[in-house]
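Shown next: entry-v5.cif, containing mmCIF, C-alpha atoms.
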```cif
data_my_file
#
loop_
_atom_site.label_atom_id
_atom_site.label_comp_id
_atom_site.auth_asym_id
_atom_site.auth_seq_id
_atom_site.Cartn_x
_atom_site.Cartn_y
_atom_site.Cartn_z
CA MET A 188 36.40 13.55 -18.68
CA SER A 189 32.98 15.05 -17.95
CA THR A 190 32.50 17.19 -14.90
CA ASP A 191 29.61 16.61 -12.53
CA HIS A 192 28.00 19.77 -13.80
CA GLU A 193 28.33 18.72 -17.42
CA THR A 194 26.96 15.27 -16.64
CA SER A 195 23.93 16.74 -14.92
CA ARG A 196 23.32 19.11 -17.83
CA ILE A 197 23.56 16.30 -20.39
CA VAL A 198 21.33 14.01 -18.32
CA ARG A 199 18.70 16.73 -17.90
CA SER A 200 18.74 17.48 -21.60
CA TRP A 201 18.45 13.78 -22.41
CA LEU A 202 15.56 13.29 -19.99
CA ASP A 203 13.69 16.20 -21.53
CA GLU A 204 13.45 14.26 -24.77
CA GLY A 205 10.94 11.51 -25.31
CA VAL A 206 7.36 10.53 -24.68
CA THR A 207 5.14 13.05 -22.96
CA LYS A 208 1.64 12.00 -24.08
CA LEU A 209 -0.36 9.13 -22.67
CA PRO A 210 -2.05 7.27 -25.55
CA ASP A 211 -5.83 7.60 -25.53
CA ARG A 212 -6.28 3.82 -25.60
CA VAL A 213 -4.46 3.51 -22.26
CA LEU A 214 -6.62 6.19 -20.71
CA ASP A 215 -9.75 4.55 -22.15
CA ALA A 216 -8.67 1.19 -20.70
CA VAL A 217 -8.34 2.77 -17.25
CA LEU A 218 -11.69 4.51 -17.40
CA ASP A 219 -13.35 1.30 -18.60
CA GLN A 220 -12.13 -0.48 -15.46
CA VAL A 221 -13.14 2.22 -12.98
CA PRO A 222 -16.82 1.21 -12.64
CA THR A 223 -15.81 -2.32 -11.64
CA THR A 224 -12.92 -1.28 -9.40
CA PRO A 225 -14.06 -0.64 -5.81
CA GLN A 226 -12.43 2.17 -3.89
CA ARG A 227 -10.78 1.49 -0.55
CA ARG A 228 -12.64 3.62 1.93
CA SER A 229 -12.17 5.17 5.36
CA GLY A 230 -8.53 6.10 5.36
CA TRP A 231 -6.26 3.12 5.47
CA SER A 232 -9.05 0.83 6.53
CA THR A 233 -11.47 -0.53 4.03
CA TRP A 234 -14.46 -1.71 5.80
CA ARG A 235 -17.97 -0.50 5.93
CA SER A 236 -19.31 0.79 9.16
CA TYR A 237 -21.44 -1.70 10.94
CA ARG A 238 -24.54 -0.42 12.63
CA MET A 239 -26.99 -2.66 14.35
CA ASN A 240 -30.63 -1.78 13.99
CA THR A 241 -32.87 -1.57 17.02
CA TYR A 242 -34.32 -5.02 16.54
CA ILE A 243 -30.90 -6.63 16.44
CA LYS A 244 -29.83 -4.64 19.49
CA LEU A 245 -32.84 -5.85 21.48
CA ALA A 246 -32.39 -9.43 20.34
CA THR A 247 -28.72 -9.31 21.20
CA ALA A 248 -29.40 -7.87 24.63
CA ALA A 249 -32.00 -10.55 25.35
CA ALA A 250 -29.63 -13.28 24.24
CA ALA A 251 -26.92 -11.84 26.44
CA VAL A 252 -29.19 -11.92 29.49
CA LEU A 253 -30.02 -15.56 28.84
CA VAL A 254 -26.37 -16.48 28.39
CA VAL A 255 -25.40 -14.73 31.63
CA ALA A 256 -28.23 -16.45 33.52
CA PHE A 257 -27.26 -19.85 32.17
CA LEU A 258 -23.58 -19.41 32.93
CA GLY A 259 -24.39 -18.12 36.41
CA TYR A 260 -26.46 -21.21 37.11
CA GLN A 261 -23.72 -23.50 35.83
CA LEU A 262 -21.05 -21.81 37.91
CA LEU A 263 -22.95 -21.89 41.21
CA PRO A 264 -21.14 -24.18 43.67
CA SER A 265 -23.11 -27.30 44.43
CA ILE A 266 -24.45 -27.24 47.99
CA THR A 267 -24.18 -30.57 49.72
CA GLY A 268 -24.42 -29.38 53.26
CA PRO A 269 -22.40 -27.42 55.75
CA GLY A 270 -18.73 -28.22 55.87
CA ALA A 271 -18.78 -30.25 52.73
CA PRO A 272 -15.31 -30.43 51.22
CA THR A 273 -14.75 -28.41 48.11
CA ALA A 274 -12.43 -29.52 45.35
CA PRO A 275 -9.13 -27.68 45.26
CA PRO A 276 -8.89 -25.22 42.43
CA THR A 277 -7.10 -26.61 39.43
CA PRO A 278 -4.84 -24.35 37.42
CA ALA A 279 -6.40 -23.24 34.18
CA PRO A 280 -4.71 -24.85 31.21
CA THR A 281 -2.69 -22.50 29.09
CA ALA A 282 -4.60 -21.72 25.96
CA ALA A 283 -3.05 -22.61 22.63
CA PRO A 284 -1.35 -19.80 20.70
CA LEU A 285 -3.53 -18.21 18.05
CA ALA A 286 -1.52 -15.33 16.60
CA ALA A 287 1.68 -13.59 17.64
CA GLY A 288 3.99 -11.08 16.07
CA GLU A 289 4.82 -7.52 15.10
CA PHE A 290 3.62 -6.15 11.81
CA THR A 291 2.37 -3.16 9.87
CA SER A 292 -0.90 -3.39 7.99
CA HIS A 293 -2.44 -0.55 5.98
CA GLY A 294 0.02 1.83 7.59
CA VAL A 295 -0.78 0.86 11.17
CA ALA A 296 2.06 -0.62 13.22
CA ALA A 297 0.78 -3.36 15.49
CA THR A 298 1.71 -6.14 17.86
CA ILE A 299 -0.48 -9.10 18.64
CA ASP A 300 -0.30 -11.91 21.16
CA ALA A 301 -3.50 -13.93 21.09
CA ARG A 302 -4.32 -17.31 22.64
CA GLY A 303 -7.35 -19.52 22.59
CA ALA A 304 -10.09 -19.71 19.98
CA GLY A 305 -13.75 -18.96 19.38
CA ASP A 306 -15.29 -16.99 22.23
CA ASP A 307 -12.46 -17.87 24.57
CA VAL A 308 -9.62 -15.73 23.27
CA SER A 309 -7.21 -13.90 25.54
CA GLY A 310 -4.27 -11.63 24.96
CA THR A 311 -3.70 -8.14 23.66
CA MET A 312 -3.11 -6.26 20.47
CA THR A 313 -1.57 -2.81 20.24
CA MET A 314 -1.80 -0.36 17.35
CA SER A 315 0.13 2.82 16.56
CA ASP A 316 -0.44 5.29 13.78
CA ALA A 317 0.36 8.96 13.36
CA GLY A 318 1.24 9.41 17.02
CA ASN A 319 -1.84 7.62 18.32
CA ASN A 320 -1.78 4.38 20.27
CA ALA A 321 -4.41 1.86 21.26
CA THR A 322 -4.57 -1.37 23.22
CA VAL A 323 -7.14 -4.06 22.57
CA ASP A 324 -8.12 -6.84 24.96
CA LEU A 325 -8.72 -9.70 22.57
CA GLU A 326 -11.91 -11.66 23.10
CA CYS A 327 -12.93 -13.81 20.15
CA SER A 328 -11.85 -15.33 16.87
CA ARG A 329 -13.18 -17.23 13.90
CA THR A 330 -11.51 -19.15 11.10
CA THR A 331 -13.32 -19.21 7.77
CA GLU A 332 -13.45 -22.12 5.35
CA SER A 333 -10.75 -20.42 3.33
CA ASP A 334 -8.49 -20.27 6.42
CA ILE A 335 -8.86 -16.56 7.01
CA LEU A 336 -8.40 -15.94 10.72
CA VAL A 337 -10.37 -13.05 12.21
CA ILE A 338 -9.57 -11.84 15.72
CA ALA A 339 -11.47 -9.11 17.56
CA GLY A 340 -11.67 -7.47 20.91
CA LEU A 341 -12.40 -4.40 22.99
CA VAL A 342 -10.29 -1.24 22.84
CA THR A 343 -9.47 -0.59 26.48
CA ASP A 344 -6.99 2.23 26.15
CA SER A 345 -6.63 4.58 23.20
CA THR A 346 -5.66 8.02 22.04
CA PHE A 347 -7.41 7.49 18.70
CA THR A 348 -10.61 9.46 18.22
CA GLU A 349 -11.69 7.29 15.32
CA ASN A 350 -10.69 3.94 13.85
CA PHE A 351 -9.64 2.53 17.27
CA PRO A 352 -11.46 4.64 19.88
CA GLU A 353 -11.66 3.47 23.47
CA GLY A 354 -14.74 1.48 24.41
CA HIS A 355 -15.36 0.16 20.90
CA ARG A 356 -14.69 -3.26 19.48
CA VAL A 357 -12.34 -3.64 16.52
CA GLY A 358 -10.77 -6.53 14.69
CA ILE A 359 -8.34 -7.78 12.11
CA ALA A 360 -8.51 -10.50 9.48
CA PHE A 361 -5.39 -12.44 8.55
CA GLN A 362 -4.94 -14.48 5.39
CA PRO A 363 -2.14 -16.99 5.97
CA GLY A 364 0.55 -17.04 3.31
CA SER A 365 3.87 -15.60 2.44
CA PRO A 366 3.52 -12.81 3.12
CA VAL A 367 0.54 -12.88 5.43
CA GLU A 368 -2.19 -10.50 4.27
CA ALA A 369 -4.47 -8.53 6.56
CA VAL A 370 -7.21 -5.96 6.82
CA TRP A 371 -8.58 -4.07 9.80
CA TYR A 372 -12.13 -3.64 11.02
CA VAL A 373 -12.22 -0.14 12.43
CA VAL A 374 -14.75 2.23 13.94
CA LEU A 375 -16.07 5.02 11.73
CA PRO A 376 -17.55 8.29 13.00
CA GLY A 377 -21.11 7.73 14.23
CA ASP A 378 -20.71 4.01 14.87
CA ALA A 379 -22.26 2.77 18.10
CA PRO A 380 -20.09 0.43 20.16
CA LEU A 381 -20.70 -3.22 19.33
CA GLU A 382 -21.87 -5.14 22.36
CA GLN A 383 -20.74 -8.53 21.10
CA CYS A 384 -17.24 -9.44 19.96
CA GLN A 385 -18.57 -11.82 17.32
CA ALA A 386 -20.51 -8.92 15.78
CA VAL A 387 -17.16 -7.45 14.67
CA ILE A 388 -16.33 -10.70 12.92
CA ASP A 389 -19.79 -10.85 11.37
CA ALA A 390 -19.24 -7.34 10.03
CA LEU A 391 -15.81 -8.14 8.64
CA LEU A 392 -17.11 -11.19 6.83
CA ALA A 393 -20.44 -9.72 5.80
CA GLY A 394 -19.32 -8.84 2.29
CA GLY A 395 -18.25 -12.38 1.52
CA PRO A 396 -14.88 -13.80 0.47
CA ALA A 397 -14.57 -11.75 -2.72
CA GLU A 398 -14.89 -8.43 -0.94
CA LEU A 399 -12.56 -9.53 1.82
CA ASN A 400 -9.94 -10.75 -0.63
CA GLY A 401 -10.09 -7.41 -2.41
CA ALA A 402 -9.28 -5.59 0.81
CA LEU A 403 -6.51 -7.79 2.15
CA GLU A 404 -3.01 -6.39 1.71
CA PRO A 405 0.37 -7.94 2.48
CA ILE A 406 1.68 -7.04 5.91
CA GLU A 407 5.18 -5.89 6.70
CA GLY A 408 6.74 -7.85 9.53
CA THR A 409 5.80 -11.27 10.76
CA VAL A 410 2.82 -12.87 12.41
CA ASP A 411 2.72 -16.52 13.39
CA LEU A 412 -0.78 -17.80 12.83
CA HIS A 413 -2.40 -20.90 14.27
CA PRO A 414 -5.94 -20.76 12.89
CA MET B 227 -4.30 19.94 -9.38
CA ASP B 228 -7.87 21.00 -8.65
CA THR B 229 -8.42 19.84 -5.08
CA GLU B 230 -12.18 20.04 -5.51
CA LEU B 231 -11.86 17.51 -8.31
CA VAL B 232 -9.74 15.30 -6.05
CA ILE B 233 -12.30 15.47 -3.25
CA ARG B 234 -15.14 14.58 -5.61
CA ALA B 235 -13.17 11.63 -6.96
CA GLN B 236 -12.41 10.54 -3.39
CA ARG B 237 -16.15 10.31 -2.85
CA GLY B 238 -16.51 8.00 -5.80
CA ASP B 239 -17.37 10.50 -8.55
CA GLU B 240 -16.20 8.68 -11.68
CA GLN B 241 -16.53 11.75 -13.89
CA ALA B 242 -14.30 13.72 -11.56
CA PHE B 243 -11.77 10.92 -11.64
CA ALA B 244 -11.89 10.87 -15.45
CA SER B 245 -10.98 14.56 -15.44
CA LEU B 246 -8.19 13.86 -12.96
CA ALA B 247 -6.86 11.02 -15.08
CA VAL B 248 -6.84 13.19 -18.20
CA ALA B 249 -5.02 15.95 -16.33
CA ALA B 250 -2.49 13.68 -14.63
CA GLY B 251 -2.10 10.98 -17.28
CA ASP B 252 0.46 12.70 -19.46
CA ARG B 253 2.81 13.72 -16.66
CA LEU B 254 2.61 10.29 -15.05
CA HIS B 255 3.26 8.59 -18.36
CA ALA B 256 6.18 10.87 -19.13
CA LEU B 257 7.64 9.85 -15.78
CA SER B 258 7.08 6.11 -16.17
CA HIS B 259 8.56 6.16 -19.66
CA ARG B 260 11.69 7.87 -18.41
CA ILE B 261 12.08 5.43 -15.54
CA LEU B 262 11.38 2.24 -17.46
CA ARG B 263 12.77 3.27 -20.88
CA ASP B 264 10.26 1.04 -22.63
CA VAL B 265 7.02 2.12 -24.25
CA ASP B 266 4.99 -0.99 -23.44
CA LEU B 267 6.19 -1.26 -19.84
CA ALA B 268 5.56 2.44 -19.32
CA GLU B 269 2.01 2.19 -20.63
CA ASP B 270 1.31 -0.75 -18.33
CA ALA B 271 2.81 1.07 -15.36
CA THR B 272 0.83 4.23 -16.02
CA GLN B 273 -2.37 2.24 -16.39
CA GLN B 274 -1.76 0.40 -13.13
CA ALA B 275 -0.87 3.64 -11.37
CA LEU B 276 -4.07 5.38 -12.51
CA LEU B 277 -6.16 2.46 -11.33
CA ALA B 278 -4.34 2.45 -8.00
CA ILE B 279 -5.03 6.17 -7.70
CA TRP B 280 -8.74 5.56 -8.19
CA ARG B 281 -8.76 2.63 -5.75
CA ASP B 282 -6.80 4.38 -3.01
CA LEU B 283 -8.06 7.95 -3.39
CA PRO B 284 -10.25 7.74 -0.26
CA ARG B 285 -7.05 7.01 1.69
CA LEU B 286 -5.39 10.26 0.60
CA ARG B 287 -5.65 12.39 3.70
CA ASP B 288 -4.66 15.72 2.18
CA PRO B 289 -6.17 16.31 -1.28
CA ALA B 290 -3.76 19.20 -1.82
CA ARG B 291 -0.94 16.66 -1.92
CA PHE B 292 -2.46 14.70 -4.77
CA ASP B 293 0.44 15.28 -7.17
CA ALA B 294 3.15 14.01 -4.84
CA TRP B 295 0.95 11.12 -3.76
CA SER B 296 0.27 10.14 -7.37
CA TYR B 297 4.01 10.08 -8.06
CA ARG B 298 4.42 7.65 -5.21
CA LEU B 299 1.83 5.30 -6.69
CA LEU B 300 3.41 5.61 -10.12
CA VAL B 301 6.83 4.72 -8.76
CA ARG B 302 5.29 1.66 -7.09
CA ALA B 303 3.78 0.66 -10.43
CA CYS B 304 7.16 1.06 -12.10
CA TYR B 305 8.73 -1.20 -9.50
CA ALA B 306 6.00 -3.77 -10.15
CA GLU B 307 6.57 -3.62 -13.90
CA GLY B 308 10.29 -3.87 -13.29
CA ARG B 309 9.81 -7.00 -11.22
CA ARG B 310 7.38 -8.46 -13.72
CA THR B 311 9.75 -7.95 -16.61
CA ARG B 312 13.25 -8.24 -15.32
CA GLN B 313 14.69 -8.42 -18.76
CA TRP B 314 15.02 -4.95 -20.19
CA ALA B 315 14.57 -4.89 -23.92
CA PRO B 316 17.40 -2.89 -25.40
CA ASN B 317 15.87 -0.85 -28.18
CA LEU B 318 18.74 1.48 -28.89
CA ARG B 319 18.61 3.30 -32.13
CA VAL B 320 20.97 2.08 -34.86
CA LEU B 321 22.85 5.00 -36.31
CA PRO B 322 23.59 5.03 -40.01
CA VAL B 323 27.30 5.32 -40.68
CA ASP B 324 26.88 8.14 -43.12
CA GLU B 325 24.46 10.14 -41.05
CA PRO B 326 25.07 13.75 -42.03
CA ALA B 327 25.78 15.53 -38.82
CA GLY B 328 28.19 18.10 -37.57
CA PRO B 329 30.56 17.46 -34.68
CA ASP B 330 28.18 18.86 -32.05
CA ALA B 331 25.19 16.90 -33.27
CA THR B 332 27.25 13.73 -33.51
CA SER B 333 28.44 14.25 -30.00
CA SER B 334 24.85 14.76 -28.83
CA VAL B 335 23.61 11.60 -30.50
CA HIS B 336 26.59 9.76 -29.15
CA ASP B 337 25.84 11.02 -25.66
CA ARG B 338 22.25 9.91 -25.96
CA ASP B 339 23.22 6.38 -26.86
CA GLN B 340 25.80 6.22 -24.14
CA LEU B 341 23.32 7.58 -21.62
CA GLU B 342 20.66 5.14 -22.72
CA ARG B 343 23.08 2.31 -22.25
CA GLY B 344 24.30 3.57 -18.91
CA PHE B 345 20.82 4.29 -17.63
CA ARG B 346 19.58 0.82 -18.47
CA ARG B 347 22.35 -0.61 -16.35
CA LEU B 348 20.97 1.20 -13.31
CA SER B 349 18.47 -0.42 -10.99
CA ILE B 350 14.96 0.98 -10.76
CA ASP B 351 15.91 2.39 -7.35
CA HIS B 352 18.60 4.53 -8.93
CA ARG B 353 16.63 5.46 -12.03
CA VAL B 354 13.73 6.76 -9.98
CA VAL B 355 15.95 9.13 -8.02
CA VAL B 356 17.59 10.46 -11.19
CA VAL B 357 14.27 11.03 -12.93
CA LEU B 358 12.50 12.64 -9.99
CA HIS B 359 15.43 14.95 -9.32
CA HIS B 360 16.71 15.79 -12.79
CA TYR B 361 13.50 15.53 -14.83
CA LEU B 362 10.96 16.90 -12.36
CA ASP B 363 13.46 19.22 -10.65
CA MET B 364 12.29 17.80 -7.38
CA PRO B 365 14.37 18.66 -4.28
CA LEU B 366 16.03 15.62 -2.72
CA GLU B 367 14.03 16.09 0.46
CA GLN B 368 10.82 15.68 -1.52
CA VAL B 369 12.23 12.68 -3.37
CA ALA B 370 12.94 11.10 0.00
CA GLU B 371 9.41 11.83 1.18
CA ILE B 372 7.80 10.39 -1.93
CA LEU B 373 9.90 7.24 -1.86
CA GLY B 374 9.63 6.87 1.91
CA ILE B 375 13.37 6.51 2.35
CA PRO B 376 15.95 8.54 4.30
CA LEU B 377 17.45 11.59 2.65
CA GLY B 378 20.92 10.05 2.97
CA THR B 379 19.78 7.07 0.95
CA VAL B 380 18.47 9.37 -1.77
CA ARG B 381 21.78 11.21 -1.87
CA SER B 382 23.81 8.01 -2.11
CA ARG B 383 21.55 6.61 -4.83
CA LEU B 384 21.84 9.80 -6.84
CA LEU B 385 25.59 9.86 -6.40
CA HIS B 386 25.89 6.24 -7.50
CA ALA B 387 23.60 6.77 -10.48
CA MET B 388 25.29 9.92 -11.71
CA ARG B 389 28.68 8.30 -11.32
CA GLY B 390 27.48 5.45 -13.51
CA LEU B 391 26.07 7.79 -16.12
CA ARG B 392 29.24 9.84 -16.17
CA ALA B 393 31.27 6.68 -16.60
CA ALA B 394 29.01 5.73 -19.51
CA LEU B 395 29.58 9.09 -21.12
CA ASP B 396 33.31 8.88 -20.62
CA ALA B 397 33.61 5.22 -21.52
CA ASP B 398 33.93 5.85 -25.20
CA ALA B 399 34.83 9.41 -25.99
CA ARG B 400 35.67 8.47 -29.57
CA PRO B 401 33.37 9.66 -32.37
CA ALA B 402 30.14 7.80 -32.72
CA ARG B 403 30.30 4.63 -34.69
CA GLN B 404 27.69 2.28 -35.96
CA GLU B 405 26.67 -0.15 -33.32
CA ALA B 406 24.82 -3.36 -33.79
CA VAL B 407 22.02 -3.66 -31.33
CA ARG B 408 21.04 -6.96 -29.92
#
```
Go ahead and express the file in the form of structure tokens.
Amino acid sequence: MSTDHETSRIVRSWLDEGVTKLPDRVLDAVLDQVPTTPQRRSGWSTWRSYRMNTYIKLATAAAAVLVVAFLGYQLLPSITGPGAPTAPPTPAPTAAPLAAGEFTSHGVAATIDARGAGDDVSGTMTMSDAGNNATVDLECSRTTESDILVIAGLVTDSTFTENFPEGHRVGIAFQPGSPVEAVWYVVLPGDAPLEQCQAVIDALLAGGPAELNGALEPIEGTVDLHP
Amino acid sequence: MDTELVIRAQRGDEQAFASLAVAAGDRLHALSHRILRDVDLAEDATQQALLAIWRDLPRLRDPARFDAWSYRLLVRACYAEGRRTRQWAPNLRVLPVDEPAGPDATSSVHDRDQLERGFRRLSIDHRVVVVLHHYLDMPLEQVAEILGIPLGTVRSRLLHAMRGLRAALDADARPARQEAVR
């Protein structure tokens, strides 16, 4: 019967035999594919930084003022005279679930509990990576024609100095399936905070479906999606 | 590995990556061949691993750890090839009956065949641990780090694998005989 030592010696000797050279044709095949294979940038995230130019910033600010003025006008209580009865407040309906679960995507552990849709999303998302933590107040969502659900919001509390820094808006895109696939929209050094939640979604989808599909990776864990 | 080369490749320098691939290709291929025990599967795994290295290089946080990181991607590629081709093609060598060989050489050839057979019975999980530890002389702690599994799991996998290989060696201690290979 062989001893452990003998077995190890024989196995080592056996493993030392055999192929040690990569055929040139394999190497050539790899190098041929490199020019058409995009690299995944910015750490575990993949997305380009999104910077608004001055014109867009001004236009966005002007639009925001108009929206606020319009909403303010709509929300003013109607004045029908002193002592006029006011309608009792009605409880706000509970928004429909949008996404909920615990998962890891691109190395970032996260939880999400989102309700609503469009510009009326509520809930939170938390992220943890390498000892850093962040909390996002979710604000908006969009579902693409190919059923990719993008959810974004404002980072309200964070120990991250980049990717999910406090005061910036970030997002995540989910591709339903088994498993669900996802990719983050993160903040890169030098990025100015995005004033509009939908701007995050615009940035995530700016490269088109092909680029997005190339960046999506299967998550670990589970997320229930209701796009 | 030249970290400057790694950094340049991280920034998208295709020439730098070509140099990296030439430098790392042989050692990665030697590893994949030993894990998968099949020339075609190993070539596919090495090719996929090199492409994954190019794709994910910007995500490597410490360029000095390129070698260990590249092993991790290669192991992933081997798992993928293993899943893609669950049927392992047995291509054991057929020994001629009258092969002129002394007792030691016969024993060595016999051991090789028995090891080949025993190794192919192991799962990829177990093969990887054996190859990283016994071929690359990698400490078990580093194996655990590369595979992203607890050290205890590495130890138990190595124990299980070596037990299986020892059983294969001991299974037929008789002199080598001609074996038909199917």
Expected selection from the PyMOL selection byres ((chain A) within 8 of (chain B)), given as a PyMOL selection string: chain A and resi 188-189+191+194-195+197-199+201-203+205-209+213-214+216-218+220-222+224-231
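Picture a line from CA of Glu407 in chain A to CA of Ala386 in chain A; it runs 27.4 Å.
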Distance in Å - CA of Gly305 in chain A versus CA of Ser328 in chain A: 4.8 Å
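Take the PyMOL selection byres ((chain A and resi 387) around 8) and apply it to this file: it picks Ala339, Arg356, Val357, Gly358, Tyr372, Leu381, Gln383, Cys384, Gln385, Ala386, Ile388, Asp389, Ala390 and Leu391 of chain A.
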Can you write range 360-401 of chain B from the block above with C-alpha atoms, as a PDB file, in the first residue's frame?
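Resulting contents of selection.pdb:
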```
ATOM      1  CA  HIS B 360       1.048  19.727  -6.105  1.00  0.00           C
ATOM      2  CA  TYR B 361       1.890  21.191  -9.518  1.00  0.00           C
ATOM      3  CA  LEU B 362       2.306  24.865  -8.652  1.00  0.00           C
ATOM      4  CA  ASP B 363       3.527  24.176  -5.110  1.00  0.00           C
ATOM      5  CA  MET B 364       0.979  26.662  -3.913  1.00  0.00           C
ATOM      6  CA  PRO B 365       0.331  26.808  -0.143  1.00  0.00           C
ATOM      7  CA  LEU B 366      -3.186  25.747   0.801  1.00  0.00           C
ATOM      8  CA  GLU B 367      -3.918  29.213   2.156  1.00  0.00           C
ATOM      9  CA  GLN B 368      -3.249  30.678  -1.274  1.00  0.00           C
ATOM     10  CA  VAL B 369      -5.320  27.974  -2.948  1.00  0.00           C
ATOM     11  CA  ALA B 370      -8.188  28.944  -0.673  1.00  0.00           C
ATOM     12  CA  GLU B 371      -7.753  32.605  -1.553  1.00  0.00           C
ATOM     13  CA  ILE B 372      -7.669  31.965  -5.292  1.00  0.00           C
ATOM     14  CA  LEU B 373     -10.709  29.719  -5.214  1.00  0.00           C
ATOM     15  CA  GLY B 374     -12.572  31.928  -2.759  1.00  0.00           C
ATOM     16  CA  ILE B 375     -13.359  29.047  -0.441  1.00  0.00           C
ATOM     17  CA  PRO B 376     -12.500  28.374   3.219  1.00  0.00           C
ATOM     18  CA  LEU B 377      -9.159  26.793   4.017  1.00  0.00           C
ATOM     19  CA  GLY B 378     -10.945  23.854   5.654  1.00  0.00           C
ATOM     20  CA  THR B 379     -12.739  23.138   2.403  1.00  0.00           C
ATOM     21  CA  VAL B 380      -9.441  23.141   0.533  1.00  0.00           C
ATOM     22  CA  ARG B 381      -7.967  20.712   3.046  1.00  0.00           C
ATOM     23  CA  SER B 382     -10.919  18.346   2.824  1.00  0.00           C
ATOM     24  CA  ARG B 383     -10.919  18.452  -0.971  1.00  0.00           C
ATOM     25  CA  LEU B 384      -7.208  17.695  -1.076  1.00  0.00           C
ATOM     26  CA  LEU B 385      -7.616  14.879   1.409  1.00  0.00           C
ATOM     27  CA  HIS B 386     -10.469  13.380  -0.585  1.00  0.00           C
ATOM     28  CA  ALA B 387      -8.597  13.720  -3.876  1.00  0.00           C
ATOM     29  CA  MET B 388      -5.354  12.230  -2.621  1.00  0.00           C
ATOM     30  CA  ARG B 389      -7.231   9.384  -1.011  1.00  0.00           C
ATOM     31  CA  GLY B 390      -8.838   8.651  -4.367  1.00  0.00           C
ATOM     32  CA  LEU B 391      -5.531   8.806  -6.195  1.00  0.00           C
ATOM     33  CA  ARG B 392      -3.885   6.558  -3.654  1.00  0.00           C
ATOM     34  CA  ALA B 393      -6.721   4.088  -3.997  1.00  0.00           C
ATOM     35  CA  ALA B 394      -6.228   4.172  -7.765  1.00  0.00           C
ATOM     36  CA  LEU B 395      -2.550   3.436  -7.356  1.00  0.00           C
ATOM     37  CA  ASP B 396      -3.224   0.626  -4.937  1.00  0.00           C
ATOM     38  CA  ALA B 397      -6.203  -0.778  -6.795  1.00  0.00           C
ATOM     39  CA  ASP B 398      -4.141  -2.934  -9.070  1.00  0.00           C
ATOM     40  CA  ALA B 399      -0.648  -3.454  -7.792  1.00  0.00           C
ATOM     41  CA  ARG B 400      -0.095  -6.269 -10.278  1.00  0.00           C
ATOM     42  CA  PRO B 401       2.305  -5.702 -13.189  1.00  0.00           C
TER      43      PRO B 401
END
```
